[in-house]
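Student: Structure supplied as target_24.csv; contents: CSV, C-alpha atoms.
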chain,number,residue,atom,x,y,z
A,1,MET,CA,-29.4,-15.6,21.2
A,2,GLU,CA,-27.6,-18.9,21.8
A,3,GLY,CA,-24.9,-19.6,19.3
A,4,GLN,CA,-24.6,-15.9,18.4
A,5,THR,CA,-21.1,-14.9,17.3
A,6,LEU,CA,-19.1,-12.6,19.6
A,7,ALA,CA,-16.4,-10.2,18.5
A,8,LEU,CA,-13.9,-8.5,20.8
A,9,VAL,CA,-12.9,-5.1,19.5
A,10,THR,CA,-10.1,-3.0,21.0
A,11,GLY,CA,-10.0,0.8,20.6
A,12,ALA,CA,-13.8,0.7,20.1
A,13,THR,CA,-14.8,4.2,21.3
A,14,SER,CA,-13.8,6.1,18.2
A,15,GLY,CA,-12.4,5.9,14.7
A,16,ILE,CA,-11.9,2.6,12.8
A,17,GLY,CA,-12.6,0.4,15.9
A,18,MET,CA,-16.0,2.1,16.5
A,19,ALA,CA,-17.0,1.8,12.9
A,20,ILE,CA,-16.1,-1.9,12.7
A,21,ALA,CA,-18.0,-2.6,15.9
A,22,GLN,CA,-21.1,-0.7,14.6
A,23,ARG,CA,-21.1,-2.8,11.4
A,24,TRP,CA,-20.6,-6.0,13.4
A,25,ALA,CA,-23.6,-5.1,15.6
A,26,ALA,CA,-25.7,-4.2,12.5
A,27,ARG,CA,-25.1,-7.8,11.3
A,28,GLY,CA,-26.6,-9.1,14.6
A,29,GLY,CA,-23.2,-10.0,16.1
A,30,ALA,CA,-22.6,-9.7,19.9
A,31,LEU,CA,-19.7,-7.4,21.0
A,32,ALA,CA,-17.1,-7.1,23.7
A,33,LEU,CA,-15.7,-3.6,23.6
A,34,THR,CA,-12.7,-2.0,25.2
A,35,GLY,CA,-11.2,1.4,25.3
A,36,ARG,CA,-10.0,3.9,27.9
A,37,ASN,CA,-13.1,6.1,27.9
A,38,ALA,CA,-15.7,4.4,30.1
A,39,ALA,CA,-18.4,6.9,29.3
A,40,ALA,CA,-18.0,6.5,25.6
A,41,LEU,CA,-18.0,2.7,25.9
A,42,LYS,CA,-21.3,2.8,27.9
A,43,GLU,CA,-22.8,5.1,25.3
A,44,CYS,CA,-21.8,2.8,22.4
A,45,ALA,CA,-23.2,-0.2,24.3
A,46,ARG,CA,-26.5,1.5,25.1
A,47,ARG,CA,-27.0,2.7,21.5
A,48,TRP,CA,-26.2,-0.6,19.8
A,49,ARG,CA,-28.3,-2.6,22.3
A,50,GLU,CA,-31.2,-0.4,21.5
A,51,ILE,CA,-30.7,-0.1,17.7
A,52,TYR,CA,-29.6,-3.7,16.9
A,53,GLY,CA,-30.8,-5.7,19.9
A,54,VAL,CA,-27.4,-7.4,20.4
A,55,PRO,CA,-25.6,-8.3,23.6
A,56,VAL,CA,-22.7,-5.9,24.4
A,57,TRP,CA,-20.1,-6.1,27.2
A,58,THR,CA,-17.7,-3.2,27.9
A,59,CYS,CA,-14.4,-3.1,29.6
A,60,ALA,CA,-12.8,0.3,30.3
A,61,ALA,CA,-9.1,-0.5,30.3
A,62,ASP,CA,-5.6,0.8,29.6
A,63,LEU,CA,-4.1,-2.0,27.5
A,64,THR,CA,-0.6,-0.7,28.1
A,65,GLN,CA,-1.0,-2.4,31.5
A,66,PRO,CA,-0.6,-6.3,31.5
A,67,GLU,CA,-3.2,-6.7,34.2
A,68,ALA,CA,-5.7,-4.9,32.0
A,69,ILE,CA,-5.2,-7.5,29.2
A,70,GLU,CA,-5.8,-10.3,31.7
A,71,HIS,CA,-9.0,-8.6,32.9
A,72,LEU,CA,-10.2,-8.0,29.4
A,73,TRP,CA,-9.6,-11.6,28.2
A,74,SER,CA,-11.1,-13.3,31.3
A,75,GLY,CA,-14.1,-10.9,31.2
A,76,THR,CA,-14.8,-11.6,27.5
A,77,LEU,CA,-14.7,-15.4,28.1
A,78,ALA,CA,-17.1,-15.0,31.0
A,79,PHE,CA,-19.5,-12.9,29.0
A,80,ALA,CA,-19.4,-15.4,26.2
A,81,ASP,CA,-20.0,-18.3,28.5
A,82,THR,CA,-22.8,-16.6,30.5
A,83,ASN,CA,-24.7,-15.6,27.3
A,84,ARG,CA,-23.9,-18.8,25.4
A,85,LEU,CA,-22.1,-16.8,22.7
A,86,HIS,CA,-19.7,-18.3,20.1
A,87,PHE,CA,-16.5,-16.2,20.7
A,88,ASN,CA,-14.4,-16.5,17.5
A,89,VAL,CA,-13.4,-13.0,16.4
A,90,VAL,CA,-10.9,-10.6,17.7
A,91,VAL,CA,-10.2,-7.2,16.2
A,92,ASN,CA,-6.9,-5.7,17.5
A,93,ASN,CA,-7.5,-2.0,16.5
A,94,ALA,CA,-6.1,-0.1,19.5
A,95,GLY,CA,-3.0,1.8,18.9
A,96,PHE,CA,-1.4,5.3,18.7
A,97,GLY,CA,1.5,7.1,17.1
A,98,ALA,CA,3.7,10.1,18.0
A,99,PHE,CA,4.8,12.5,15.3
A,100,GLY,CA,8.2,14.2,15.4
A,101,GLU,CA,11.9,13.5,15.7
A,102,ASP,CA,12.3,10.3,17.7
A,103,ALA,CA,14.9,11.9,20.0
A,104,ARG,CA,12.4,14.6,21.0
A,105,ILE,CA,9.6,12.2,22.0
A,106,ASP,CA,9.5,11.4,25.7
A,107,GLU,CA,10.3,7.9,26.8
A,108,ALA,CA,6.9,7.4,28.5
A,109,THR,CA,5.1,8.0,25.2
A,110,LEU,CA,7.4,5.6,23.3
A,111,THR,CA,7.0,2.9,26.0
A,112,GLY,CA,3.2,3.2,26.0
A,113,MET,CA,3.2,3.0,22.2
A,114,LEU,CA,5.2,-0.2,22.2
A,115,GLN,CA,3.1,-1.7,25.0
A,116,LEU,CA,-0.1,-1.0,23.2
A,117,ASN,CA,0.8,-1.4,19.5
A,118,VAL,CA,3.0,-4.5,20.0
A,119,PHE,CA,2.7,-6.1,23.4
A,120,ALA,CA,-1.0,-6.0,23.9
A,121,LEU,CA,-1.8,-7.0,20.3
A,122,THR,CA,0.6,-9.9,20.5
A,123,LEU,CA,-0.8,-11.2,23.8
A,124,LEU,CA,-4.4,-10.9,22.6
A,125,THR,CA,-3.5,-12.5,19.2
A,126,HIS,CA,-1.7,-15.3,21.0
A,127,ARG,CA,-4.5,-16.0,23.4
A,128,ALA,CA,-7.1,-15.9,20.6
A,129,ALA,CA,-5.2,-18.3,18.4
A,130,LEU,CA,-4.8,-20.8,21.2
A,131,SER,CA,-8.5,-20.5,22.3
A,132,PHE,CA,-10.0,-20.6,18.8
A,133,GLY,CA,-7.7,-23.5,17.8
A,134,ARG,CA,-9.2,-25.6,20.6
A,135,LYS,CA,-12.7,-24.9,19.3
A,136,GLU,CA,-14.1,-24.6,15.8
A,137,GLY,CA,-11.7,-21.9,14.5
A,138,GLY,CA,-12.0,-18.2,14.3
A,139,GLN,CA,-10.5,-15.0,12.9
A,140,ILE,CA,-8.1,-12.4,14.3
A,141,LEU,CA,-8.0,-9.1,12.5
A,142,ASN,CA,-4.9,-7.0,13.3
A,143,VAL,CA,-5.0,-3.3,12.2
A,144,ALA,CA,-1.6,-2.2,10.9
A,145,SER,CA,-1.0,0.7,8.5
A,146,THR,CA,0.5,1.5,5.1
A,147,ALA,CA,3.4,2.8,7.3
A,148,ALA,CA,4.2,-0.9,7.8
A,149,PHE,CA,5.7,-1.2,4.3
A,150,GLN,CA,8.7,1.1,4.8
A,151,ALA,CA,10.7,3.0,7.4
A,152,CYS,CA,8.9,6.2,8.1
A,153,PRO,CA,11.0,9.2,9.5
A,154,TYR,CA,9.0,11.4,12.0
A,155,LEU,CA,6.8,8.4,12.7
A,156,ALA,CA,9.7,6.1,13.3
A,157,ALA,CA,8.6,4.0,16.2
A,158,TYR,CA,5.0,3.9,15.1
A,159,ALA,CA,5.9,2.7,11.6
A,160,ALA,CA,8.2,0.1,13.2
A,161,THR,CA,5.4,-1.2,15.4
A,162,LYS,CA,3.1,-1.5,12.4
A,163,SER,CA,5.8,-3.4,10.5
A,164,TYR,CA,5.9,-5.8,13.4
A,165,VAL,CA,2.1,-6.2,13.3
A,166,LEU,CA,2.1,-7.0,9.6
A,167,SER,CA,5.0,-9.4,9.8
A,168,TYR,CA,3.6,-11.2,12.9
A,169,SER,CA,0.2,-11.5,11.3
A,170,ARG,CA,1.6,-12.9,8.1
A,171,ALA,CA,3.8,-15.5,9.9
A,172,LEU,CA,1.0,-16.6,12.3
A,173,ASP,CA,-1.5,-17.0,9.5
A,174,GLU,CA,0.9,-19.3,7.8
A,175,GLU,CA,1.6,-21.3,11.0
A,176,LEU,CA,-2.1,-21.8,11.5
A,177,ARG,CA,-2.8,-22.9,8.0
A,178,GLY,CA,-5.4,-25.8,8.1
A,179,SER,CA,-6.3,-25.1,11.8
A,180,GLY,CA,-9.5,-23.2,11.1
A,181,VAL,CA,-7.9,-20.0,12.6
A,182,ARG,CA,-7.1,-17.1,10.3
A,183,VAL,CA,-4.9,-14.1,11.2
A,184,LYS,CA,-5.6,-11.2,8.9
A,185,CYS,CA,-4.1,-7.7,8.6
A,186,LEU,CA,-5.8,-4.5,7.6
A,187,CYS,CA,-3.4,-1.7,6.4
A,188,PRO,CA,-5.2,1.6,6.1
A,189,GLY,CA,-3.5,4.8,5.1
A,190,PRO,CA,-4.3,8.2,6.6
A,191,THR,CA,-7.9,8.0,8.0
A,192,ARG,CA,-10.1,10.7,9.4
A,193,THR,CA,-9.9,9.7,13.1
A,194,HIS,CA,-8.4,11.2,16.2
A,195,PHE,CA,-5.0,9.7,15.2
A,196,ALA,CA,-3.5,12.8,13.7
A,197,ARG,CA,-4.3,15.1,16.7
A,198,ALA,CA,-3.3,12.5,19.2
A,199,ALA,CA,0.0,11.9,17.3
A,200,GLY,CA,0.8,15.6,17.7
A,201,LEU,CA,0.0,16.9,14.2
A,202,GLY,CA,-1.3,20.4,14.3
A,203,GLU,CA,-4.7,21.7,13.4
A,204,THR,CA,-3.4,23.0,10.1
A,205,SER,CA,-1.8,19.7,9.1
A,206,ARG,CA,-2.4,18.4,5.6
A,207,PHE,CA,-3.0,14.9,7.0
A,208,ASP,CA,-6.8,15.1,6.7
A,209,LYS,CA,-6.5,16.3,3.1
A,210,PHE,CA,-5.2,12.8,2.1
A,211,ALA,CA,-7.2,10.9,4.7
A,212,ALA,CA,-9.9,8.3,3.9
A,213,ASP,CA,-13.4,8.2,5.4
A,214,VAL,CA,-13.5,5.9,8.4
A,215,ASP,CA,-16.6,4.2,7.3
A,216,LYS,CA,-15.0,3.1,4.0
A,217,VAL,CA,-12.0,1.7,5.9
A,218,ALA,CA,-14.4,-0.2,8.2
A,219,ASP,CA,-16.2,-1.6,5.1
A,220,THR,CA,-12.8,-2.9,3.9
A,221,ALA,CA,-12.2,-4.5,7.3
A,222,LEU,CA,-15.5,-6.4,7.2
A,223,ALA,CA,-14.8,-7.5,3.6
A,224,LEU,CA,-11.5,-8.8,4.7
A,225,LEU,CA,-13.2,-10.8,7.5
A,226,ASP,CA,-15.7,-12.1,5.0
A,227,GLY,CA,-13.2,-13.2,2.4
A,228,THR,CA,-10.3,-15.5,2.0
A,229,ARG,CA,-7.5,-13.0,1.7
A,230,SER,CA,-5.0,-12.6,4.5
A,231,GLU,CA,-4.4,-8.9,4.2
A,232,SER,CA,-5.8,-5.7,2.6
A,233,VAL,CA,-4.5,-2.2,1.9
A,234,HIS,CA,-7.4,0.2,1.8
A,235,GLY,CA,-7.7,2.5,-1.2
A,236,TRP,CA,-6.3,2.4,-4.7
A,237,SER,CA,-3.9,5.3,-4.0
A,238,ASN,CA,-2.5,3.5,-1.0
A,239,ARG,CA,-2.1,0.2,-2.9
A,240,LEU,CA,-0.2,2.2,-5.6
A,241,GLY,CA,2.0,3.7,-3.0
A,242,VAL,CA,2.8,0.3,-1.5
A,243,PHE,CA,3.6,-1.1,-5.0
A,244,LEU,CA,5.9,1.8,-5.8
A,245,THR,CA,7.7,1.4,-2.4
A,246,ARG,CA,8.6,-2.1,-3.5
A,247,CYS,CA,10.1,-0.8,-6.7
A,248,VAL,CA,12.8,1.4,-5.1
A,249,SER,CA,15.5,0.8,-2.6
A,250,ALA,CA,14.6,0.8,1.1
A,251,ARG,CA,16.8,3.9,1.6
A,252,LEU,CA,15.0,5.8,-1.1
A,253,ALA,CA,11.6,4.7,0.2
A,254,SER,CA,12.5,6.0,3.7
A,255,ARG,CA,13.7,9.3,2.2
A,256,ILE,CA,10.5,9.8,0.3
A,257,ALA,CA,8.4,8.9,3.4
A,258,GLY,CA,10.3,11.4,5.4
A,259,ARG,CA,9.6,14.2,3.0
A,260,VAL,CA,5.9,13.3,2.9
A,261,MET,CA,5.7,13.3,6.7
A,262,ARG,CA,7.5,16.6,6.9
A,263,SER,CA,4.9,18.1,4.6
A,264,MET,CA,2.2,16.9,7.0
A,265,ASP,CA,3.4,19.0,9.9
Represent the structure contained in this file as structure tokens.
Tutor:
Amino acid sequence: MEGQTLALVTGATSGIGMAIAQRWAARGGALALTGRNAAALKECARRWREIYGVPVWTCAADLTQPEAIEHLWSGTLAFADTNRLHFNVVVNNAGFGAFGEDARIDEATLTGMLQLNVFALTLLTHRAALSFGRKEGGQILNVASTAAFQACPYLAAYAATKSYVLSYSRALDEELRGSGVRVKCLCPGPTRTHFARAAGLGETSRFDKFAADVDKVADTALALLDGTRSESVHGWSNRLGVFLTRCVSARLASRIAGRVMRSMD
């Protein structure tokens, strides 16, 4: 459909990314999907083409590699041009964490986390802001975390990357004021995805006890895209936690976060 809006969603094969992409397709929007699991990407594309009748392009890629970012971006632009789609939404959802004492986490894991959570997100945001600003505007939705609001022992590097995502998104949204381009930031708390297992939390972890349903988090994401607000913390308990964090010293907030994280193991 000529003029149909295209959204690029990273980390789209599971969790929050998949739920956001599914809702976008249900609205009749076209999709460019990326993730590392090629088979899962193809299955998502097949299902959403059949159910919703929307154009879907997939790119199996490891975004910790700079050349993968270039391939993803150029492929998305080509897909939009070929199908006469209006490419004006990017959802930077891909990311991962590593639970435990920072000194015990291997350097390859830390490097990959920084490459994906910070470097890839920054490059895609930068490119989208430049591209959308030359056209009729658009939206960039960066997925951070409630961990962005304080230092978080036992998720130290992950929380730091999410603090970067929140700060960068806020600053860029202000820089782009009046340009027609918005940079928004979603801050979910614990969510029932593959995050906890991938981060190294055990099968008996209490993480899922406090976790939100992924579909409700995706609904918050779409509401943020639809509205005028620049950021959203999902869930009243998470919003309360963020508020209370602001009421105590940074050191005390870090100490409390550390105790909470130790209880999750």
Student: Taking only C-alpha atoms into account, name the residue in A:Pro153, A:Asn88, A:Arg239, A:Ala94 that is nearest to A:Val183.
Tutor: A:Asn88
Student: What does the structure give for the distance between atom CA of A:Leu85 and atom CA of A:Leu121, in Å to one decimal?
Tutor: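 Taking atom CA of A:Leu85 and atom CA of A:Leu121, their separation equals 22.7 Å.
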Student: Between A:Cys152, A:Leu6, A:Val91, A:Ala257, which is the closest to A:Leu224 once you count all atoms listed in the file?
Tutor: A:Val91
Student: Give me, as a VMD selection string, all polymer residues having an atom no more than 10 Å from A:Leu141, counting all atoms listed in the file and skipping those fewer than 5 positions away in the same chain.
Tutor: chain A and resid 9 89 to 93 125 169 182 to 186 221 to 222 224 to 225 230 to 231
Student: Would you please work out which residue, of A:Ser179, A:Ala218, A:Gly137, A:Gly75, is nearest to A:Ala12 when using all atoms listed in the file?
Tutor: A:Ala218
Student: Show me as an NGL selection string the residues that reach within 12 Å of (-0.2, -10.0, 24.8), counting all atoms listed in the file and using the file's own coordinates.
Tutor: :A and (63-70 or 72-73 or 92 or 114-129)
Student: Do you know which residues are at most 12 Å from A:Arg255 counting all atoms listed in the file, after dropping those on the same chain fewer than 2 positions away, and could you put them as a short mmCIF file (atom, residue, chain, number, x, y, z; two decimals) with C-alpha atoms, in the coordinates of the input?
Tutor:
data_model
loop_
_atom_site.label_atom_id
_atom_site.label_comp_id
_atom_site.auth_asym_id
_atom_site.auth_seq_id
_atom_site.Cartn_x
_atom_site.Cartn_y
_atom_site.Cartn_z
CA GLN A 150 8.70 1.10 4.80
CA ALA A 151 10.70 3.00 7.40
CA CYS A 152 8.90 6.20 8.10
CA PRO A 153 11.00 9.20 9.50
CA TYR A 154 9.00 11.40 12.00
CA THR A 245 7.70 1.40 -2.40
CA VAL A 248 12.80 1.40 -5.10
CA SER A 249 15.50 0.80 -2.60
CA ALA A 250 14.60 0.80 1.10
CA ARG A 251 16.80 3.90 1.60
CA LEU A 252 15.00 5.80 -1.10
CA ALA A 253 11.60 4.70 0.20
CA ALA A 257 8.40 8.90 3.40
CA GLY A 258 10.30 11.40 5.40
CA ARG A 259 9.60 14.20 3.00
CA VAL A 260 5.90 13.30 2.90
CA MET A 261 5.70 13.30 6.70
CA ARG A 262 7.50 16.60 6.90
#
Student: Can you tell me, as an mmCIF file with C-alpha atoms, keeping the file's coordinate frame, what residues are no more than 7 Å from A:Leu41 when counting only C-alpha atoms, ignoring any on the same chain fewer than 6 positions away?
Tutor:
data_model
loop_
_atom_site.group_PDB
_atom_site.id
_atom_site.type_symbol
_atom_site.label_atom_id
_atom_site.label_comp_id
_atom_site.auth_asym_id
_atom_site.auth_seq_id
_atom_site.Cartn_x
_atom_site.Cartn_y
_atom_site.Cartn_z
ATOM 1 C CA THR A 13 -14.800 4.200 21.300
ATOM 2 C CA GLY A 35 -11.200 1.400 25.300
ATOM 3 C CA THR A 58 -17.700 -3.200 27.900
#
Student: Could you check the closest approach to A:Gly235 for each of A:Asp219, A:Glu175, A:Glu107, A:Glu136 and tell me which residue wins, using only C-alpha atoms?
Tutor: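 Checking each of A:Asp219, A:Glu175, A:Glu107, A:Glu136 against A:Gly235, counting only C-alpha atoms, the winner is A:Asp219.
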Student: Looking at A:Ile51, A:Gly138, A:Thr109, A:Val217, which one is nearest to A:Cys187, with distances taken over all atoms listed in the file?
Tutor: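 The shortest atom-to-atom distance to A:Cys187 comes from A:Val217.
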Student: What is the atom CA of A:Thr5 to atom CA of A:Ala30 distance in Å?
Tutor: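 Going from atom CA of A:Thr5 over to atom CA of A:Ala30, I get 6.0 Å.
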Student: To one decimal in Å, tell me the separation between atom CA of A:Gly15 and atom CA of A:Phe87.
Tutor: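 So the two atoms, atom CA of A:Gly15 and atom CA of A:Phe87, lie 23.3 Å apart.
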Student: So which one's closest to A:Gly17, A:Ala78, A:Leu166, A:Leu31, A:Ala103? Using all atoms listed in the file, please.
Tutor: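 Going through A:Ala78, A:Leu166, A:Leu31, A:Ala103 one by one, the smallest distance to A:Gly17 is for A:Leu31.
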